[in-house]
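Novice: This one is start_1.cif, mmCIF, C-alpha atoms.
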data_protein
#
loop_
_atom_site.label_atom_id
_atom_site.label_comp_id
_atom_site.auth_asym_id
_atom_site.auth_seq_id
_atom_site.Cartn_x
_atom_site.Cartn_y
_atom_site.Cartn_z
CA MET A 81 126.56 104.91 115.70
CA ARG A 82 124.25 104.84 112.67
CA ASP A 83 123.20 101.28 113.45
CA PHE A 84 122.48 102.27 117.05
CA ILE A 85 120.20 105.16 116.10
CA LEU A 86 118.54 103.87 112.90
CA MET A 87 118.45 100.15 113.46
CA ARG A 88 117.35 97.64 110.87
CA ARG A 89 115.25 95.92 113.50
CA PRO A 90 114.20 98.66 115.90
CA LEU A 91 112.89 97.96 119.35
CA PRO A 92 109.15 97.35 119.45
CA ARG A 93 107.01 100.44 119.62
CA ARG A 94 105.54 99.41 123.00
CA THR A 95 108.98 99.09 124.53
CA LEU A 96 110.06 102.51 123.27
CA ILE A 97 106.91 104.26 124.46
CA PHE A 98 107.00 102.53 127.85
CA SER A 99 110.68 103.44 128.34
CA HIS A 100 110.03 107.01 127.27
CA CYS A 101 107.12 107.38 129.70
CA MET A 102 109.09 105.87 132.58
CA LEU A 103 112.06 108.17 131.92
CA GLN A 104 109.81 111.24 131.74
CA ILE A 105 107.99 110.32 134.96
CA GLY A 106 111.32 109.58 136.68
CA LEU A 107 112.74 112.93 135.58
CA LEU A 108 109.61 114.71 136.73
CA LEU A 109 109.72 113.06 140.18
CA ILE A 110 113.46 113.58 140.69
CA GLY A 111 113.34 117.14 139.37
CA GLY A 112 110.26 117.94 141.42
CA ALA A 113 111.90 116.56 144.56
CA TRP A 114 115.03 118.61 143.89
CA LEU A 115 112.97 121.74 143.28
CA TRP A 116 110.91 121.13 146.44
CA ARG A 117 114.06 120.71 148.51
CA HIS A 118 115.37 124.08 147.29
CA SER A 119 112.04 125.92 147.56
CA PRO A 120 111.51 128.49 150.33
CA ALA A 121 108.82 126.34 151.94
CA ALA A 122 111.22 123.44 152.53
CA SER A 123 114.55 125.23 152.99
CA GLY A 124 113.39 128.21 155.03
CA LEU A 125 115.28 130.67 152.81
CA PRO A 126 113.52 133.77 151.45
CA TRP A 127 112.41 133.86 147.79
CA GLN A 128 115.13 136.38 146.94
CA ALA A 129 117.83 133.89 147.93
CA SER A 130 116.27 130.77 146.42
CA TRP A 131 114.87 131.93 143.06
CA PRO A 132 118.18 131.63 141.08
CA MET A 133 118.59 128.02 142.14
CA LEU A 134 114.93 127.27 141.40
CA ALA A 135 115.15 128.86 137.94
CA LEU A 136 118.33 126.93 137.15
CA GLY A 137 116.81 123.66 138.40
CA GLY A 138 113.53 124.22 136.50
CA GLY A 139 115.41 125.02 133.29
CA ALA A 140 117.62 121.95 133.65
CA LEU A 141 114.53 119.80 134.28
CA LEU A 142 112.79 121.11 131.15
CA LEU A 143 115.95 120.66 129.08
CA ALA A 144 116.39 117.08 130.26
CA MET A 145 112.76 116.25 129.50
CA ALA A 146 113.03 117.78 126.03
CA LEU A 147 116.20 115.79 125.31
CA VAL A 148 114.54 112.55 126.41
CA ARG A 149 111.62 113.35 124.09
CA LEU A 150 113.98 114.04 121.17
CA PHE A 151 115.82 110.76 121.69
CA ALA A 152 112.51 108.91 121.89
CA GLU A 153 111.42 110.45 118.58
CA LEU A 154 114.77 109.56 117.04
CA TRP A 155 114.43 105.94 118.12
CA MET A 156 110.84 105.91 116.81
CA ALA A 157 111.98 107.17 113.38
CA PRO A 158 112.18 103.66 111.81
CA HIS A 159 108.59 103.02 112.90
CA HIS A 160 107.46 106.34 111.41
CA MET A 161 109.25 105.63 108.12
CA LEU A 162 107.74 102.15 107.88
CA ALA A 163 104.27 103.60 108.43
CA ARG A 164 104.72 106.17 105.62
CA ARG A 165 105.98 103.69 103.04
CA GLU A 166 103.33 102.94 100.43
CA GLY A 167 102.85 99.70 98.59
CA PHE A 168 104.58 96.44 99.19
CA ALA A 169 107.86 95.89 100.93
CA PRO A 170 110.61 94.53 98.65
CA GLY A 171 110.33 91.12 100.30
CA ASP A 172 106.57 90.97 99.70
CA VAL A 173 106.79 90.89 95.90
CA MET A 174 106.55 87.46 94.31
CA THR A 175 107.71 87.02 90.75
CA ARG A 176 106.86 84.40 88.18
CA ALA A 177 109.28 82.03 86.60
CA ILE A 178 111.35 83.57 83.82
CA ASP A 179 109.59 81.66 81.07
CA ARG A 180 106.16 82.89 82.24
CA ARG A 181 107.01 86.60 82.74
CA PRO A 182 104.70 88.13 80.14
CA ALA A 183 101.86 85.95 81.49
CA MET A 184 101.18 84.52 78.07
CA HIS A 185 99.74 81.05 78.06
CA ASP A 186 100.72 80.37 74.49
CA PRO A 187 104.47 79.71 74.18
CA GLU A 188 104.36 81.17 70.65
CA GLN A 189 103.26 84.51 72.08
CA ALA A 190 105.90 84.76 74.82
CA TRP A 191 108.22 87.74 74.61
CA ILE A 192 111.33 86.35 76.15
CA SER A 193 111.73 83.00 74.54
CA THR A 194 114.13 82.58 71.65
CA ALA A 195 114.07 85.04 68.79
CA LYS A 196 111.49 84.28 66.11
CA PRO A 197 112.00 84.91 62.43
CA LEU A 198 109.68 87.52 60.94
CA ASP A 199 107.79 86.99 57.75
CA PRO A 200 108.47 89.96 55.43
CA ASP A 201 104.97 89.69 54.01
CA GLU A 202 103.33 90.45 57.35
CA GLY A 203 103.67 94.15 56.71
CA VAL A 204 105.92 94.89 59.64
CA VAL A 205 107.39 97.98 57.99
CA GLY A 206 104.25 99.12 56.15
CA GLN A 207 103.84 101.62 53.36
CA ALA A 208 105.29 105.11 53.42
CA ARG A 209 102.85 107.87 54.34
CA VAL A 210 104.54 110.57 52.25
CA THR A 211 102.54 111.27 49.10
CA GLN A 212 104.40 114.27 47.69
CA PRO A 213 108.08 114.51 46.81
CA ARG A 214 110.31 116.63 48.99
CA GLN A 215 110.35 120.32 48.18
CA PRO A 216 113.75 121.92 47.68
CA ALA A 217 115.01 123.95 50.59
CA THR A 218 114.69 127.70 50.35
CA ALA A 219 117.76 129.79 49.75
CA LYS A 220 120.00 130.18 52.77
CA ARG A 221 119.45 133.37 54.67
CA GLN A 222 122.07 136.04 54.29
CA PRO A 223 123.24 137.72 57.51
CA VAL A 224 121.58 141.08 58.13
CA THR A 225 123.94 144.03 57.94
CA PRO A 226 123.43 147.10 60.16
CA SER A 227 122.35 149.18 57.13
CA GLN A 228 119.52 146.73 56.35
CA ARG A 229 118.39 146.54 59.92
CA GLN A 230 115.09 148.20 60.69
CA GLU A 231 114.38 149.45 64.18
CA PRO A 232 110.83 149.58 65.47
CA SER A 233 109.29 153.02 65.76
CA LEU A 234 107.61 154.17 68.92
#
So, in terms of structure tokens, how does the structure I just supplied come out?
Specialist:
Amino acid sequence: MRDFILMRRPLPRRTLIFSHCMLQIGLLLIGGAWLWRHSPAASGLPWQASWPMLALGGGALLLAMALVRLFAELWMAPHHMLARREGFAPGDVMTRAIDRRPAMHDPEQAWISTAKPLDPDEGVVGQARVTQPRQPATAKRQPVTPSQRQEPSL
């Protein structure tokens, strides 16, 4: 059922709109003919006798037209979602070869080639920024007892 409603390759938009319009026009003509046949002008019955059937027929016609519209919107959902998607589709993205990923033209500068040994004199680690020795920690706080507790005054 999911593949029927949200298809991977939905029907073309033109086909869906054309089918929707034809169904709506067909419902309108058939419903209008049914309502005309039951109207007082065509049947000869007074309005008091024919209004319940006309109200029921008009309501059924409107319900059928609304359901056709809802199904048309449901079948148009893949088109709406494709229109809202930003950027490239996953199939549109082209990648480079694995050895050219960082886009470096010098093989010595490539990130993903084999690991390179580091020269310890290059200053990779650098000098420490701390200029003063660590101060000893202050004495641990003692828990406050209720007698030492001071309440704010109002």
Novice: Carefully work through the PyMOL selection byres ((chain A and resi 159) around 12) for this structure and note down the residues it includes, as a ChimeraX atom specification.
Specialist: /A:86-94,96-97,152-158,160-165
Novice: Store the residues picked out above, limited to C-alpha atoms, as a short mmCIF file (atom, residue, chain, number, x, y, z; two decimals), keeping the file's coordinate frame.
Specialist:
data_model
loop_
_atom_site.label_atom_id
_atom_site.label_comp_id
_atom_site.auth_asym_id
_atom_site.auth_seq_id
_atom_site.Cartn_x
_atom_site.Cartn_y
_atom_site.Cartn_z
CA LEU A 86 118.54 103.87 112.90
CA MET A 87 118.45 100.15 113.46
CA ARG A 88 117.35 97.64 110.87
CA ARG A 89 115.25 95.92 113.50
CA PRO A 90 114.20 98.66 115.90
CA LEU A 91 112.89 97.96 119.35
CA PRO A 92 109.15 97.35 119.45
CA ARG A 93 107.01 100.44 119.62
CA ARG A 94 105.54 99.41 123.00
CA LEU A 96 110.06 102.51 123.27
CA ILE A 97 106.91 104.26 124.46
CA ALA A 152 112.51 108.91 121.89
CA GLU A 153 111.42 110.45 118.58
CA LEU A 154 114.77 109.56 117.04
CA TRP A 155 114.43 105.94 118.12
CA MET A 156 110.84 105.91 116.81
CA ALA A 157 111.98 107.17 113.38
CA PRO A 158 112.18 103.66 111.81
CA HIS A 160 107.46 106.34 111.41
CA MET A 161 109.25 105.63 108.12
CA LEU A 162 107.74 102.15 107.88
CA ALA A 163 104.27 103.60 108.43
CA ARG A 164 104.72 106.17 105.62
CA ARG A 165 105.98 103.69 103.04
#
Novice: Between A:Gly137, A:Ala146, A:Gln212, A:Glu231, single out the one closest to Ile110 (chain A), counting only C-alpha atoms.
Specialist: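 For Ile110 (chain A), the nearest of the candidates is A:Gly137.
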Novice: Tell me which of A:Pro232, A:Gln215, A:Thr225, A:Leu147 sits closest to His100 (chain A), counting only C-alpha atoms.
Specialist: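 Looking at the shortest contact to His100 (chain A), the residue is A:Leu147.
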Novice: One decimal, in Å: what's the spacing between CA of Val148 (chain A) and CA of Leu103 (chain A)?
Specialist: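 Spanning CA of Val148 (chain A) to CA of Leu103 (chain A) is a straight-line distance of 7.5 Å.
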Novice: Need to verify the contact set: Arg117 (chain A), 12 Å, only C-alpha atoms, exclusion of same-chain residues closer than 5 positions in sequence. Can you return it as a ChimeraX atom specification?
Specialist: /A:110-112,122-125,130,133-134,137
Novice: On this structure, which residues satisfy the PyMOL selection byres ((chain A and resi 108) around 12), written as a PDB file with C-alpha atoms, in the frame of the given file?
Specialist:
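Final output, saved to out-v3.pdb:
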ATOM      1  CA  CYS A 101     107.120 107.380 129.700  1.00  0.00           C
ATOM      2  CA  MET A 102     109.090 105.870 132.580  1.00  0.00           C
ATOM      3  CA  LEU A 103     112.060 108.170 131.920  1.00  0.00           C
ATOM      4  CA  GLN A 104     109.810 111.240 131.740  1.00  0.00           C
ATOM      5  CA  ILE A 105     107.990 110.320 134.960  1.00  0.00           C
ATOM      6  CA  GLY A 106     111.320 109.580 136.680  1.00  0.00           C
ATOM      7  CA  LEU A 107     112.740 112.930 135.580  1.00  0.00           C
ATOM      8  CA  LEU A 109     109.720 113.060 140.180  1.00  0.00           C
ATOM      9  CA  ILE A 110     113.460 113.580 140.690  1.00  0.00           C
ATOM     10  CA  GLY A 111     113.340 117.140 139.370  1.00  0.00           C
ATOM     11  CA  GLY A 112     110.260 117.940 141.420  1.00  0.00           C
ATOM     12  CA  ALA A 113     111.900 116.560 144.560  1.00  0.00           C
ATOM     13  CA  TRP A 114     115.030 118.610 143.890  1.00  0.00           C
ATOM     14  CA  LEU A 115     112.970 121.740 143.280  1.00  0.00           C
ATOM     15  CA  TRP A 116     110.910 121.130 146.440  1.00  0.00           C
ATOM     16  CA  GLY A 137     116.810 123.660 138.400  1.00  0.00           C
ATOM     17  CA  GLY A 138     113.530 124.220 136.500  1.00  0.00           C
ATOM     18  CA  ALA A 140     117.620 121.950 133.650  1.00  0.00           C
ATOM     19  CA  LEU A 141     114.530 119.800 134.280  1.00  0.00           C
ATOM     20  CA  LEU A 142     112.790 121.110 131.150  1.00  0.00           C
ATOM     21  CA  LEU A 143     115.950 120.660 129.080  1.00  0.00           C
ATOM     22  CA  ALA A 144     116.390 117.080 130.260  1.00  0.00           C
ATOM     23  CA  MET A 145     112.760 116.250 129.500  1.00  0.00           C
ATOM     24  CA  ALA A 146     113.030 117.780 126.030  1.00  0.00           C
ATOM     25  CA  VAL A 148     114.540 112.550 126.410  1.00  0.00           C
TER      26      VAL A 148
END
Novice: Take CA of Ala121 (chain A) and CA of Leu136 (chain A) and report the distance between them in Å, one decimal.
Specialist: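 The value is 17.6 Å.
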